[in-house]
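Reproduced below: work_13.tsv, with TSV, C-alpha atoms.
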chain	number	residue	atom	x	y	z
A	8	MET	CA	67.82	109.67	106.79
A	9	ALA	CA	71.59	109.34	106.91
A	10	ALA	CA	73.46	110.67	109.93
A	11	PRO	CA	74.76	114.25	109.67
A	12	TYR	CA	77.72	114.56	107.34
A	13	VAL	CA	80.70	114.65	109.69
A	14	SER	CA	84.29	115.26	108.69
A	15	ARG	CA	86.82	112.53	109.30
A	16	PRO	CA	90.53	112.57	110.13
A	17	THR	CA	93.28	111.82	107.66
A	18	PRO	CA	93.69	108.04	107.20
A	19	PRO	CA	94.50	105.64	108.62
A	20	TYR	CA	91.49	105.19	110.86
A	21	TYR	CA	89.07	102.28	111.32
A	22	ALA	CA	85.59	101.38	110.11
A	23	VAL	CA	83.26	98.73	111.50
A	24	ILE	CA	80.77	97.69	108.82
A	25	ILE	CA	77.67	96.06	110.30
A	26	THR	CA	75.07	94.34	108.10
A	27	THR	CA	72.02	92.94	109.86
A	28	GLU	CA	68.88	91.13	108.87
A	29	PRO	CA	66.27	90.84	111.62
A	30	SER	CA	64.33	87.64	112.05
A	31	GLY	CA	61.06	89.52	112.25
A	32	ILE	CA	60.40	88.02	115.70
A	33	ASP	CA	59.75	90.55	118.47
A	34	PRO	CA	60.62	93.75	116.57
A	35	GLN	CA	60.32	95.88	119.72
A	36	GLY	CA	62.90	93.75	121.52
A	37	TYR	CA	65.14	93.94	118.45
A	38	ALA	CA	64.92	97.72	118.31
A	39	GLU	CA	65.76	98.06	122.01
A	40	MET	CA	68.76	95.72	121.79
A	41	SER	CA	69.96	97.46	118.63
A	42	ARG	CA	69.70	100.85	120.33
A	43	ARG	CA	71.72	99.65	123.35
A	44	MET	CA	74.44	98.17	121.16
A	45	SER	CA	74.66	101.40	119.21
A	46	GLU	CA	74.91	103.46	122.41
A	47	LEU	CA	77.83	101.31	123.54
A	48	GLY	CA	79.56	101.91	120.22
A	49	VAL	CA	79.12	105.67	120.32
A	50	ALA	CA	80.35	105.88	123.92
A	51	GLN	CA	83.71	104.22	123.18
A	52	PRO	CA	86.87	106.33	123.32
A	53	GLY	CA	88.12	106.90	119.79
A	54	TYR	CA	84.61	107.05	118.30
A	55	LEU	CA	84.68	109.29	115.21
A	56	GLY	CA	81.18	109.09	113.75
A	57	ARG	CA	78.74	106.84	111.95
A	58	GLU	CA	76.72	106.32	108.81
A	59	SER	CA	73.57	104.26	109.12
A	60	LEU	CA	70.57	103.44	106.97
A	61	THR	CA	67.63	101.13	107.58
A	62	ALA	CA	65.87	99.28	104.79
A	63	GLY	CA	62.11	99.14	104.65
A	64	ASP	CA	62.22	95.54	105.84
A	65	GLY	CA	64.21	96.53	108.94
A	66	GLY	CA	67.60	95.42	107.64
A	67	ASP	CA	70.36	97.80	108.62
A	68	LEU	CA	73.64	98.84	107.08
A	69	THR	CA	75.75	100.73	109.60
A	70	VAL	CA	79.34	101.93	109.49
A	71	LEU	CA	80.90	103.09	112.76
A	72	TYR	CA	84.25	104.91	112.64
A	73	TYR	CA	87.05	104.76	115.21
A	74	ALA	CA	90.51	106.27	115.57
A	75	ASP	CA	92.27	102.95	116.08
A	76	ALA	CA	91.89	99.20	116.46
A	77	GLU	CA	92.18	99.41	120.26
A	78	SER	CA	88.93	101.36	120.50
A	79	ILE	CA	87.15	98.66	118.54
A	80	ALA	CA	88.59	95.92	120.74
A	81	ALA	CA	87.24	97.77	123.80
A	82	TRP	CA	83.81	98.02	122.23
A	83	LYS	CA	83.85	94.36	121.32
A	84	GLY	CA	84.64	93.62	124.96
A	85	ASP	CA	81.60	95.61	126.02
A	86	LEU	CA	79.45	93.75	123.54
A	87	GLU	CA	80.61	90.50	125.04
A	88	HIS	CA	79.20	91.74	128.33
A	89	LEU	CA	75.93	91.48	126.48
A	90	GLU	CA	76.64	87.83	125.78
A	91	ALA	CA	73.99	86.89	128.33
A	92	GLN	CA	71.67	88.11	125.61
A	93	ARG	CA	73.13	85.72	123.06
A	94	LEU	CA	70.01	83.62	122.82
A	95	GLY	CA	68.00	86.78	122.56
A	96	ARG	CA	70.18	88.01	119.75
A	97	GLU	CA	69.80	84.75	117.95
A	98	ARG	CA	66.07	85.18	118.43
A	99	TRP	CA	66.11	88.68	116.95
A	100	TYR	CA	68.62	88.20	114.16
A	101	ALA	CA	68.24	86.09	111.07
A	102	ARG	CA	71.80	87.05	110.14
A	103	TYR	CA	74.46	89.59	110.87
A	104	ARG	CA	77.98	90.33	109.76
A	105	VAL	CA	80.55	92.61	111.36
A	106	GLU	CA	83.63	93.60	109.35
A	107	VAL	CA	86.53	95.49	110.93
A	108	ALA	CA	88.45	97.44	108.30
A	109	ARG	CA	91.39	99.85	108.23
A	110	VAL	CA	90.60	102.91	106.10
A	111	GLU	CA	93.67	103.56	103.99
A	112	ARG	CA	92.57	106.26	101.52
A	113	THR	CA	89.69	108.66	101.11
A	114	TYR	CA	88.32	110.83	98.29
A	115	ALA	CA	85.69	113.43	99.00
A	116	PHE	CA	83.75	116.25	97.39
A	117	ASP	CA	81.76	118.90	99.19
A	118	ARG	CA	79.94	121.53	97.18
A	119	ASP	CA	79.74	123.84	100.18
A	120	PRO	CA	82.38	122.91	102.78
A	121	SER	CA	81.29	125.66	105.15
A	122	GLY	CA	77.62	124.79	104.98
A	123	HIS	CA	75.33	122.23	106.43
A	124	ALA	CA	73.44	119.43	104.73
A	125	SER	CA	70.49	120.82	102.84
B	17	MET	CA	66.03	96.55	100.46
B	18	ALA	CA	69.56	95.40	101.07
B	19	ALA	CA	71.35	93.33	98.46
B	20	PRO	CA	71.14	89.54	98.85
B	21	TYR	CA	73.23	88.24	101.70
B	22	VAL	CA	76.36	86.95	100.01
B	23	SER	CA	79.19	85.09	101.65
B	24	ARG	CA	82.60	86.69	101.68
B	25	PRO	CA	86.12	85.23	101.61
B	26	THR	CA	88.39	85.00	104.61
B	27	PRO	CA	90.06	88.37	105.29
B	28	PRO	CA	91.98	90.26	104.17
B	29	TYR	CA	89.86	91.71	101.39
B	30	TYR	CA	88.86	95.27	100.56
B	31	ALA	CA	85.79	97.45	101.09
B	32	VAL	CA	84.95	100.72	99.36
B	33	ILE	CA	82.53	102.72	101.51
B	34	ILE	CA	80.63	105.33	99.49
B	35	THR	CA	78.47	107.96	101.19
B	36	THR	CA	76.58	110.32	98.89
B	37	GLU	CA	74.21	113.21	99.33
B	38	PRO	CA	72.50	114.34	96.11
B	39	SER	CA	72.03	118.00	95.42
B	40	GLY	CA	68.39	117.47	94.48
B	41	ILE	CA	69.06	118.97	91.04
B	42	ASP	CA	68.07	116.75	88.08
B	43	PRO	CA	67.31	113.54	90.01
B	44	GLN	CA	66.89	111.56	86.77
B	45	GLY	CA	70.38	112.50	85.61
B	46	TYR	CA	71.71	111.63	89.08
B	47	ALA	CA	70.09	108.20	89.01
B	48	GLU	CA	71.47	107.43	85.55
B	49	MET	CA	75.02	108.50	86.47
B	50	SER	CA	74.81	106.56	89.74
B	51	ARG	CA	73.66	103.45	87.88
B	52	ARG	CA	76.55	103.71	85.38
B	53	MET	CA	79.13	104.15	88.15
B	54	SER	CA	77.72	101.14	89.96
B	55	GLU	CA	77.86	99.01	86.80
B	56	LEU	CA	81.53	99.89	86.38
B	57	GLY	CA	82.19	98.82	89.95
B	58	VAL	CA	80.42	95.48	89.61
B	59	ALA	CA	82.19	94.68	86.32
B	60	GLN	CA	85.70	95.02	87.81
B	61	PRO	CA	87.80	91.88	88.22
B	62	GLY	CA	88.01	91.04	91.90
B	63	TYR	CA	84.46	92.25	92.66
B	64	LEU	CA	83.06	90.26	95.59
B	65	GLY	CA	79.67	91.79	96.31
B	66	ARG	CA	77.94	94.87	97.67
B	67	GLU	CA	75.66	96.23	100.36
B	68	SER	CA	73.62	99.28	99.50
B	69	LEU	CA	70.78	101.25	101.03
B	70	THR	CA	69.10	104.45	99.93
B	71	ALA	CA	67.63	106.94	102.37
B	72	GLY	CA	64.23	108.46	101.76
B	73	ASP	CA	65.89	111.71	100.75
B	74	GLY	CA	67.96	109.95	98.08
B	75	GLY	CA	71.20	109.76	100.07
B	76	ASP	CA	73.02	106.48	99.60
B	77	LEU	CA	75.28	104.36	101.73
B	78	THR	CA	77.01	101.71	99.61
B	79	VAL	CA	79.80	99.28	100.40
B	80	LEU	CA	81.45	97.50	97.48
B	81	TYR	CA	83.79	94.58	98.21
B	82	TYR	CA	86.90	93.57	96.25
B	83	ALA	CA	89.54	90.91	96.53
B	84	ASP	CA	92.47	93.30	96.53
B	85	ALA	CA	93.59	96.90	96.24
B	86	GLU	CA	94.56	96.47	92.58
B	87	SER	CA	90.93	95.83	91.61
B	88	ILE	CA	89.92	99.08	93.27
B	89	ALA	CA	92.69	100.99	91.54
B	90	ALA	CA	91.41	99.67	88.20
B	91	TRP	CA	87.88	100.76	89.04
B	92	LYS	CA	89.09	104.20	90.08
B	93	GLY	CA	90.85	104.41	86.70
B	94	ASP	CA	87.57	103.67	84.96
B	95	LEU	CA	85.79	106.29	87.03
B	96	GLU	CA	88.38	108.81	85.92
B	97	HIS	CA	87.32	108.06	82.36
B	98	LEU	CA	84.06	109.58	83.50
B	99	GLU	CA	85.93	112.72	84.46
B	100	ALA	CA	84.38	114.49	81.49
B	101	GLN	CA	81.25	114.33	83.63
B	102	ARG	CA	82.97	116.08	86.52
B	103	LEU	CA	80.87	119.21	86.21
B	104	GLY	CA	77.80	117.03	85.95
B	105	ARG	CA	78.76	115.17	89.08
B	106	GLU	CA	79.25	118.44	90.90
B	107	ARG	CA	75.79	119.39	89.66
B	108	TRP	CA	74.23	116.17	90.96
B	109	TYR	CA	76.12	115.80	94.21
B	110	ALA	CA	75.94	118.02	97.23
B	111	ARG	CA	78.62	115.85	98.84
B	112	TYR	CA	80.24	112.49	98.55
B	113	ARG	CA	82.92	110.55	100.31
B	114	VAL	CA	84.74	107.41	99.18
B	115	GLU	CA	86.75	105.44	101.73
B	116	VAL	CA	88.99	102.54	100.70
B	117	ALA	CA	89.48	100.12	103.59
B	118	ARG	CA	91.23	96.81	104.15
B	119	VAL	CA	88.96	94.34	105.96
B	120	GLU	CA	91.07	92.68	108.63
B	121	ARG	CA	88.56	90.68	110.70
B	122	THR	CA	84.96	89.55	110.44
B	123	TYR	CA	82.35	88.15	112.83
B	124	ALA	CA	79.15	86.68	111.52
B	125	PHE	CA	76.01	84.87	112.59
B	126	ASP	CA	73.60	83.04	110.31
B	127	ARG	CA	70.57	81.36	111.80
B	128	ASP	CA	70.14	79.20	108.71
B	129	PRO	CA	73.42	78.97	106.76
B	130	SER	CA	71.88	76.74	104.11
B	131	GLY	CA	68.87	78.93	103.54
B	132	HIS	CA	68.08	82.11	101.70
B	133	ALA	CA	67.10	85.49	103.03
B	134	SER	CA	63.56	85.42	104.30
Starting from the coordinates I provided, produce the structure as structure tokens.
Amino acid sequence: MAAPYVSRPTPPYYAVIITTEPSGIDPQGYAEMSRRMSELGVAQPGYLGRESLTAGDGGDLTVLYYADAESIAAWKGDLEHLEAQRLGRERWYARYRVEVARVERTYAFDRDPSGHAS
Amino acid sequence: MAAPYVSRPTPPYYAVIITTEPSGIDPQGYAEMSRRMSELGVAQPGYLGRESLTAGDGGDLTVLYYADAESIAAWKGDLEHLEAQRLGRERWYARYRVEVARVERTYAFDRDPSGHAS
């Protein structure tokens, strides 16, 4: 299920779009590494929220939101501390792509702005 | 399952991040409207590709990619031609959010650049 529907600030803010395709090797190790990377992302100053879905085959589409580009640079620095795991990541991933994007405009509709997701 | 893994041009290019939560009313009508909106998006000049996943509860997270902001403006114009369906969309959607973002940087890994998704 998608993450809870969280409001976002007025643009500009930043989105990190992460598309992954696991190799299928060692799915437990993959899940643990993925969880740690996600925890690092959520702990960064400037973190605003996330949207994330997992396909049946384990592929993920995740969007993490940040207030500014500096927060993302800090997170990327933390991820590089995980570079010792590079070979492990190459073991776990068939492919991944990370796209850093500046959100310029938003359009939204909420049937019940005061309510919670049904 | 995620869309096929398609290469993307060198940044900058644009991403439209669409997060939807259906109301649960008339799921067939929702699916048909969603399909038509998606077709409009894919048919726009400048369309580069998409990533899309659907949660078990029907919520969607979709990212559509375009070469430039003008392509997105044209698509938004087409969507406004669907404005006669506004009440219908409010019937089908509990919530939605559309974020237009300029992709500034990308990082990618591909274990087998010549191959296809396994």
Go through A:Glu106, A:Glu58, A:Asp119, A:Glu87 one by one, measure the shortest atom-to-atom distance of each to chain B using all atoms listed in the file, and give the residue with the smallest value.
-> A:Glu106
Taken to one decimal, the CA of Ala117 in chain B-CA of Arg109 in chain A distance is 5.0 Å
Ser50 in chain B environment, 10 Å, only C-alpha atoms, sequence neighbours closer than 5 positions dropped, as a count of residues only | 5
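Counting all atoms listed in the file, every residue of chain B that comes within 7 Å of chain A is listed here: B:Met17, B:Ala18, B:Leu69, B:Ala71, B:Gly72, B:Asp73, B:Gly75, B:Ala110, B:Arg111, B:Tyr112, B:Arg113, B:Val114, B:Glu115, B:Val116, B:Ala117, B:Arg118, B:Val119, B:Glu120, B:Arg121, B:Thr122, B:Tyr123, B:Ala124, B:Phe125, B:Asp126, B:Arg127.
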Take chain B, superimpose it onto chain A by least squares using every C-alpha atom paired in sequence order, and output the result as a JSON list (two decimals) with C-alpha atoms, in the coordinates of the input.
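After the write, result.json holds the following:
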[["chain", "number", "residue", "atom", "x", "y", "z"],
["B", 17, "MET", "CA", 67.89, 109.58, 106.74],
["B", 18, "ALA", "CA", 71.64, 109.31, 106.91],
["B", 19, "ALA", "CA", 73.50, 110.67, 109.90],
["B", 20, "PRO", "CA", 74.79, 114.25, 109.63],
["B", 21, "TYR", "CA", 77.75, 114.57, 107.32],
["B", 22, "VAL", "CA", 80.72, 114.67, 109.66],
["B", 23, "SER", "CA", 84.30, 115.28, 108.70],
["B", 24, "ARG", "CA", 86.81, 112.53, 109.30],
["B", 25, "PRO", "CA", 90.52, 112.59, 110.14],
["B", 26, "THR", "CA", 93.28, 111.84, 107.68],
["B", 27, "PRO", "CA", 93.68, 108.06, 107.22],
["B", 28, "PRO", "CA", 94.49, 105.64, 108.63],
["B", 29, "TYR", "CA", 91.46, 105.20, 110.87],
["B", 30, "TYR", "CA", 89.07, 102.30, 111.34],
["B", 31, "ALA", "CA", 85.59, 101.39, 110.11],
["B", 32, "VAL", "CA", 83.26, 98.74, 111.50],
["B", 33, "ILE", "CA", 80.76, 97.69, 108.83],
["B", 34, "ILE", "CA", 77.66, 96.06, 110.32],
["B", 35, "THR", "CA", 75.08, 94.35, 108.11],
["B", 36, "THR", "CA", 72.02, 92.95, 109.88],
["B", 37, "GLU", "CA", 68.89, 91.13, 108.86],
["B", 38, "PRO", "CA", 66.27, 90.85, 111.62],
["B", 39, "SER", "CA", 64.34, 87.65, 112.05],
["B", 40, "GLY", "CA", 61.05, 89.53, 112.25],
["B", 41, "ILE", "CA", 60.40, 88.03, 115.70],
["B", 42, "ASP", "CA", 59.73, 90.58, 118.48],
["B", 43, "PRO", "CA", 60.62, 93.76, 116.56],
["B", 44, "GLN", "CA", 60.32, 95.88, 119.72],
["B", 45, "GLY", "CA", 62.90, 93.76, 121.53],
["B", 46, "TYR", "CA", 65.13, 93.94, 118.44],
["B", 47, "ALA", "CA", 64.92, 97.72, 118.31],
["B", 48, "GLU", "CA", 65.75, 98.06, 122.01],
["B", 49, "MET", "CA", 68.76, 95.72, 121.79],
["B", 50, "SER", "CA", 69.95, 97.47, 118.62],
["B", 51, "ARG", "CA", 69.69, 100.85, 120.33],
["B", 52, "ARG", "CA", 71.70, 99.64, 123.35],
["B", 53, "MET", "CA", 74.44, 98.16, 121.15],
["B", 54, "SER", "CA", 74.64, 101.41, 119.21],
["B", 55, "GLU", "CA", 74.92, 103.46, 122.41],
["B", 56, "LEU", "CA", 77.83, 101.30, 123.54],
["B", 57, "GLY", "CA", 79.55, 101.90, 120.22],
["B", 58, "VAL", "CA", 79.12, 105.67, 120.32],
["B", 59, "ALA", "CA", 80.35, 105.89, 123.93],
["B", 60, "GLN", "CA", 83.71, 104.21, 123.18],
["B", 61, "PRO", "CA", 86.86, 106.33, 123.32],
["B", 62, "GLY", "CA", 88.11, 106.88, 119.80],
["B", 63, "TYR", "CA", 84.60, 107.05, 118.29],
["B", 64, "LEU", "CA", 84.66, 109.30, 115.21],
["B", 65, "GLY", "CA", 81.17, 109.10, 113.76],
["B", 66, "ARG", "CA", 78.74, 106.83, 111.96],
["B", 67, "GLU", "CA", 76.71, 106.31, 108.81],
["B", 68, "SER", "CA", 73.56, 104.27, 109.12],
["B", 69, "LEU", "CA", 70.56, 103.43, 106.97],
["B", 70, "THR", "CA", 67.63, 101.13, 107.57],
["B", 71, "ALA", "CA", 65.87, 99.27, 104.79],
["B", 72, "GLY", "CA", 62.10, 99.14, 104.64],
["B", 73, "ASP", "CA", 62.20, 95.55, 105.84],
["B", 74, "GLY", "CA", 64.18, 96.53, 108.94],
["B", 75, "GLY", "CA", 67.59, 95.42, 107.66],
["B", 76, "ASP", "CA", 70.36, 97.81, 108.62],
["B", 77, "LEU", "CA", 73.63, 98.85, 107.07],
["B", 78, "THR", "CA", 75.75, 100.75, 109.60],
["B", 79, "VAL", "CA", 79.34, 101.94, 109.49],
["B", 80, "LEU", "CA", 80.90, 103.10, 112.75],
["B", 81, "TYR", "CA", 84.25, 104.91, 112.63],
["B", 82, "TYR", "CA", 87.05, 104.77, 115.22],
["B", 83, "ALA", "CA", 90.48, 106.25, 115.59],
["B", 84, "ASP", "CA", 92.25, 102.95, 116.09],
["B", 85, "ALA", "CA", 91.87, 99.20, 116.46],
["B", 86, "GLU", "CA", 92.17, 99.39, 120.26],
["B", 87, "SER", "CA", 88.92, 101.37, 120.49],
["B", 88, "ILE", "CA", 87.14, 98.66, 118.53],
["B", 89, "ALA", "CA", 88.59, 95.93, 120.72],
["B", 90, "ALA", "CA", 87.24, 97.76, 123.77],
["B", 91, "TRP", "CA", 83.80, 98.03, 122.19],
["B", 92, "LYS", "CA", 83.84, 94.35, 121.29],
["B", 93, "GLY", "CA", 84.67, 93.63, 124.94],
["B", 94, "ASP", "CA", 81.62, 95.61, 126.01],
["B", 95, "LEU", "CA", 79.45, 93.75, 123.52],
["B", 96, "GLU", "CA", 80.64, 90.50, 125.03],
["B", 97, "HIS", "CA", 79.23, 91.73, 128.33],
["B", 98, "LEU", "CA", 75.95, 91.48, 126.49],
["B", 99, "GLU", "CA", 76.67, 87.84, 125.81],
["B", 100, "ALA", "CA", 74.01, 86.89, 128.33],
["B", 101, "GLN", "CA", 71.66, 88.11, 125.61],
["B", 102, "ARG", "CA", 73.16, 85.74, 123.06],
["B", 103, "LEU", "CA", 70.03, 83.62, 122.82],
["B", 104, "GLY", "CA", 68.01, 86.79, 122.53],
["B", 105, "ARG", "CA", 70.20, 88.04, 119.74],
["B", 106, "GLU", "CA", 69.80, 84.75, 117.93],
["B", 107, "ARG", "CA", 66.06, 85.20, 118.40],
["B", 108, "TRP", "CA", 66.11, 88.71, 116.94],
["B", 109, "TYR", "CA", 68.62, 88.23, 114.16],
["B", 110, "ALA", "CA", 68.25, 86.11, 111.08],
["B", 111, "ARG", "CA", 71.81, 87.07, 110.13],
["B", 112, "TYR", "CA", 74.46, 89.60, 110.88],
["B", 113, "ARG", "CA", 77.97, 90.33, 109.78],
["B", 114, "VAL", "CA", 80.55, 92.62, 111.37],
["B", 115, "GLU", "CA", 83.62, 93.60, 109.37],
["B", 116, "VAL", "CA", 86.52, 95.50, 110.94],
["B", 117, "ALA", "CA", 88.45, 97.45, 108.31],
["B", 118, "ARG", "CA", 91.38, 99.85, 108.25],
["B", 119, "VAL", "CA", 90.60, 102.91, 106.11],
["B", 120, "GLU", "CA", 93.67, 103.56, 103.99],
["B", 121, "ARG", "CA", 92.56, 106.26, 101.53],
["B", 122, "THR", "CA", 89.66, 108.65, 101.10],
["B", 123, "TYR", "CA", 88.30, 110.83, 98.29],
["B", 124, "ALA", "CA", 85.68, 113.43, 98.97],
["B", 125, "PHE", "CA", 83.73, 116.23, 97.36],
["B", 126, "ASP", "CA", 81.76, 118.91, 99.17],
["B", 127, "ARG", "CA", 79.94, 121.53, 97.16],
["B", 128, "ASP", "CA", 79.72, 123.82, 100.18],
["B", 129, "PRO", "CA", 82.38, 122.90, 102.77],
["B", 130, "SER", "CA", 81.28, 125.64, 105.13],
["B", 131, "GLY", "CA", 77.62, 124.75, 104.99],
["B", 132, "HIS", "CA", 75.35, 122.17, 106.51],
["B", 133, "ALA", "CA", 73.48, 119.34, 104.87],
["B", 134, "SER", "CA", 70.56, 120.67, 102.92]]
